[in-house]
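As structure tokens, the structure follows; a few thoughts come after it.
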Amino acid sequence: AVEASGILHSVYLVQMFFSYVTGKPIESNEPPKTAFQKALFWSRVAMSLGILVISFVVAFTALFQNNTTMWSSVPPVVSIIMLIVLIGFTGIMEGLQIALFAVVHLPAEEVEKHALAKHNCDLVFLKHGHLQAFLVGRQICQTIVMFVIARITTVQMREGEGNLFDVSDGLQSFFDTGVLGALMSTIVASLSWRITASSFPMAFLANPLSTFIIRFCLVIEGTGICYSSWLFAAIHQKVVGYERDEVYIGETKDGDEEGSEDIRNKTADSLETTDIQEVSTDEGSDRIDC
């Protein structure tokens, strides 16, 4: 329902832009849109883009006037630079999560064409427990980054100040809720990167910054600050009774199922020595099977 409302439809413009730049068409299983559906789609894109522009104008105006929840000791220019850097940082993390799960469906030879992408796949999938460790470290970073972005973009008028743009008290109260900042960060720091990564996973994995971010997330997880998550996951597994996929769908054996060879060929070479669903422990009880 939220997607259908159209308030986030401006993310599709980013996907179209990357498709145009790379010359790669956007693949879709949906039937061609009718004239009415196209009109409805583009009207929602225009509405979403308008909301996004308003969100940026409100956030940046409040920033330059020191009327946000950002720490007062931080100058407005520094806050804007921080916002841009954090949006890029969290966006790459969002895209990486999508790209890593999308790349396992690509032919091995496609991955091998990009040495850096293959290196990043090996870094995450080839070593036991690295996939889960990356996801934990990524989530820690995301939580911290989104907290700072929220501080930068949430409007809070100083005592004695009038309303932003001299708007009514009701509209100012809406600005103060932080909804516009949340919409802005959702579109430019999350969804636009996710939807682009789903269409162009190799572009994300072949990015030199991706290697740094993957290693950084692994280091953050390695500090142990959120090791309790492994314990809660183990408890959840026992309580709910989760089993491995093979229990539900059975193991695929050579020649037993049509397309089994195709499934193996679609798995990157770096994944052939390990099952990404199987996690062994490097530290005894510190890791669980998921």
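Residue numbers start at 1 in each chain; chains themselves are named A, B, ... in the order of the structure tokens; ligands are numbered from 1 in the order shown.
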- Item | segment 61-249 of chain A: residues DSSP assigns to helix (DSSP H, G or I), reported as a PyMOL selection string | chain A and resi 61-64+76-103+108-112+115-126+130-153+164-166+169-176+179-199+201-205+208-222+228-240+245-249
- Rounded to one decimal in Å, what is the spacing between atom CA of Tyr248 of chain A and atom CA of Ala102 of chain A? 22.4 Å
- Message: I'd like to know which of A:Leu116, A:Ile195, A:Ile87, A:Val77 is closest to Met16 of chain A, using only C-alpha atoms.
- Response: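 Ranked by minimum distance to Met16 of chain A, first place goes to A:Ile195.
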- Given the choices A:Cys141, A:Val247, A:Cys121, A:Leu209, which gets closest to Val104 of chain A if the distance is worked out from only C-alpha atoms?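 Smallest distance to Val104 of chain A is found for A:Cys121.
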- Message: Report, in Å to a single decimal, how far apart atom CA of Ile149 of chain A and atom CA of Thr211 of chain A are.
- Response: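 These two atoms are separated by 23.4 Å.
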Using only C-alpha atoms, what table do you get, as CSV, when you list each residue of segment 50-141 of chain A with an atom no more than 8 Å from segment 220-231 of chain A, its nearest pair of atoms, and their distance in Å rounded to one decimal, rows by chain then rising number?
```
residue,atom,partner,partner_atom,distance
A:Ala133,CA,A:Glu221,CA,5.9
A:Phe134,CA,A:Glu221,CA,7.2
A:Val136,CA,A:Glu221,CA,6.1
A:Gly137,CA,A:Glu221,CA,4.5
A:Ile140,CA,A:Ile220,CA,7.8
```
Please dump the current selection as a PDB file, in the first residue's frame; keep all heavy atoms.
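The resulting out06.pdb:
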```pdb
ATOM      1  N   ALA A 133      28.442 -12.462   9.498  1.00  0.00           N
ATOM      2  CA  ALA A 133      29.207 -11.414  10.188  1.00  0.00           C
ATOM      3  C   ALA A 133      29.079 -10.083   9.459  1.00  0.00           C
ATOM      4  O   ALA A 133      28.937  -9.024  10.090  1.00  0.00           O
ATOM      5  CB  ALA A 133      30.672 -11.825  10.290  1.00  0.00           C
ATOM      6  N   PHE A 134      29.114 -10.118   8.126  1.00  0.00           N
ATOM      7  CA  PHE A 134      28.944  -8.885   7.356  1.00  0.00           C
ATOM      8  C   PHE A 134      27.564  -8.283   7.596  1.00  0.00           C
ATOM      9  O   PHE A 134      27.431  -7.067   7.783  1.00  0.00           O
ATOM     10  CB  PHE A 134      29.136  -9.160   5.864  1.00  0.00           C
ATOM     11  CG  PHE A 134      28.622  -8.055   4.982  1.00  0.00           C
ATOM     12  CD1 PHE A 134      29.304  -6.845   4.889  1.00  0.00           C
ATOM     13  CD2 PHE A 134      27.433  -8.208   4.270  1.00  0.00           C
ATOM     14  CE1 PHE A 134      28.818  -5.813   4.090  1.00  0.00           C
ATOM     15  CE2 PHE A 134      26.946  -7.181   3.471  1.00  0.00           C
ATOM     16  CZ  PHE A 134      27.637  -5.976   3.382  1.00  0.00           C
ATOM     17  N   VAL A 136      25.630  -8.602  10.203  1.00  0.00           N
ATOM     18  CA  VAL A 136      25.559  -8.041  11.558  1.00  0.00           C
ATOM     19  C   VAL A 136      26.295  -6.707  11.612  1.00  0.00           C
ATOM     20  O   VAL A 136      25.773  -5.704  12.117  1.00  0.00           O
ATOM     21  CB  VAL A 136      26.148  -9.025  12.591  1.00  0.00           C
ATOM     22  CG1 VAL A 136      26.268  -8.354  13.966  1.00  0.00           C
ATOM     23  CG2 VAL A 136      25.275 -10.265  12.703  1.00  0.00           C
ATOM     24  N   GLY A 137      27.523  -6.683  11.081  1.00  0.00           N
ATOM     25  CA  GLY A 137      28.291  -5.446  11.087  1.00  0.00           C
ATOM     26  C   GLY A 137      27.623  -4.348  10.285  1.00  0.00           C
ATOM     27  O   GLY A 137      27.624  -3.170  10.678  1.00  0.00           O
ATOM     28  N   ILE A 140      24.785  -2.812  12.329  1.00  0.00           N
ATOM     29  CA  ILE A 140      25.291  -1.908  13.365  1.00  0.00           C
ATOM     30  C   ILE A 140      25.590  -0.544  12.757  1.00  0.00           C
ATOM     31  O   ILE A 140      25.191   0.499  13.287  1.00  0.00           O
ATOM     32  CB  ILE A 140      26.555  -2.493  14.024  1.00  0.00           C
ATOM     33  CG1 ILE A 140      26.237  -3.799  14.748  1.00  0.00           C
ATOM     34  CG2 ILE A 140      27.162  -1.490  15.010  1.00  0.00           C
ATOM     35  CD1 ILE A 140      27.469  -4.533  15.260  1.00  0.00           C
TER      36      ILE A 140
END
```
- Task: To one decimal in Å, tell me the separation between atom CA of Glu161 of chain A and atom CA of Leu49 of chain A.
- Result: 29.4 Å
- Which of these residues is nearest to Val111 of chain A, using only C-alpha atoms: A:Gly178, A:Pro75, A:Pro201, A:Pro32?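 Looking at the shortest contact to Val111 of chain A, the residue is A:Pro201.
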- Message: Need to verify the contact set: Ala206 of chain A, 12 Å, only C-alpha atoms, exclusion of same-chain residues closer than 2 positions in sequence. Can you return it as a list in words?
- Response: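 Everything that qualifies: Ile92, Leu96, Ala99, Leu100, Val103, Glu110, Val111, Glu112, Lys113, His114, Ala115, Leu116, Ala117, Lys118, His119, Asn120, Cys121, Ala197, Phe200, Pro201, Met202, Ala203, Phe204, Pro208, Leu209, Ser210, Thr211 and Phe212 of chain A.
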- Task: List the neighbours of segment 3-14 of chain A out to 10 Å using only C-alpha atoms; skip same-chain residues closer than 6 positions along the sequence, and give me the result as a list in words.
- Result: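 After dropping sequence-adjacent residues, the list is Tyr20, Leu40, Phe41, Trp42, Ser43, Arg44, Val45, Ala46, Met47, Ser48, Leu49, Gly50, Ile51, Leu52, Leu183, Met184, Thr186, Ile187, Val188, Ser190, Leu191, Ser192, Trp193, Arg194, Ile195 and Thr196 of chain A.
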Those same residues - C-alpha atoms - I'd like them written as a short mmCIF file (atom, residue, chain, number, x, y, z; two decimals), in the first residue's frame.
```cif
data_model
loop_
_atom_site.label_atom_id
_atom_site.label_comp_id
_atom_site.auth_asym_id
_atom_site.auth_seq_id
_atom_site.Cartn_x
_atom_site.Cartn_y
_atom_site.Cartn_z
CA TYR A 20 20.25 4.80 -19.62
CA LEU A 40 -0.69 7.06 -13.27
CA PHE A 41 2.92 5.94 -12.85
CA TRP A 42 4.46 9.21 -14.02
CA SER A 43 2.00 11.29 -11.99
CA ARG A 44 3.12 9.41 -8.87
CA VAL A 45 6.77 9.87 -9.85
CA ALA A 46 6.17 13.63 -10.19
CA MET A 47 4.41 13.74 -6.83
CA SER A 48 7.21 11.81 -5.14
CA LEU A 49 9.86 14.02 -6.72
CA GLY A 50 8.01 17.10 -5.51
CA ILE A 51 7.87 15.76 -1.96
CA LEU A 52 11.59 14.92 -2.13
CA LEU A 183 11.17 10.31 3.59
CA MET A 184 14.31 11.98 2.26
CA THR A 186 14.44 6.54 2.82
CA ILE A 187 14.56 7.59 -0.83
CA VAL A 188 18.13 8.88 -1.26
CA SER A 190 18.18 3.47 1.02
CA LEU A 191 15.61 2.61 -1.64
CA SER A 192 17.30 4.27 -4.61
CA TRP A 193 20.49 2.30 -3.90
CA ARG A 194 18.61 -0.94 -3.30
CA ILE A 195 16.58 -0.80 -6.49
CA THR A 196 19.67 0.10 -8.49
#
```
- Top pick for closest residue to Leu205 of chain A, considering A:Asp122, A:Asp169, A:Glu27, A:Glu109 and counting only C-alpha atoms: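 Ranking A:Asp122, A:Asp169, A:Glu27, A:Glu109 by distance to Leu205 of chain A, first place goes to A:Asp122.
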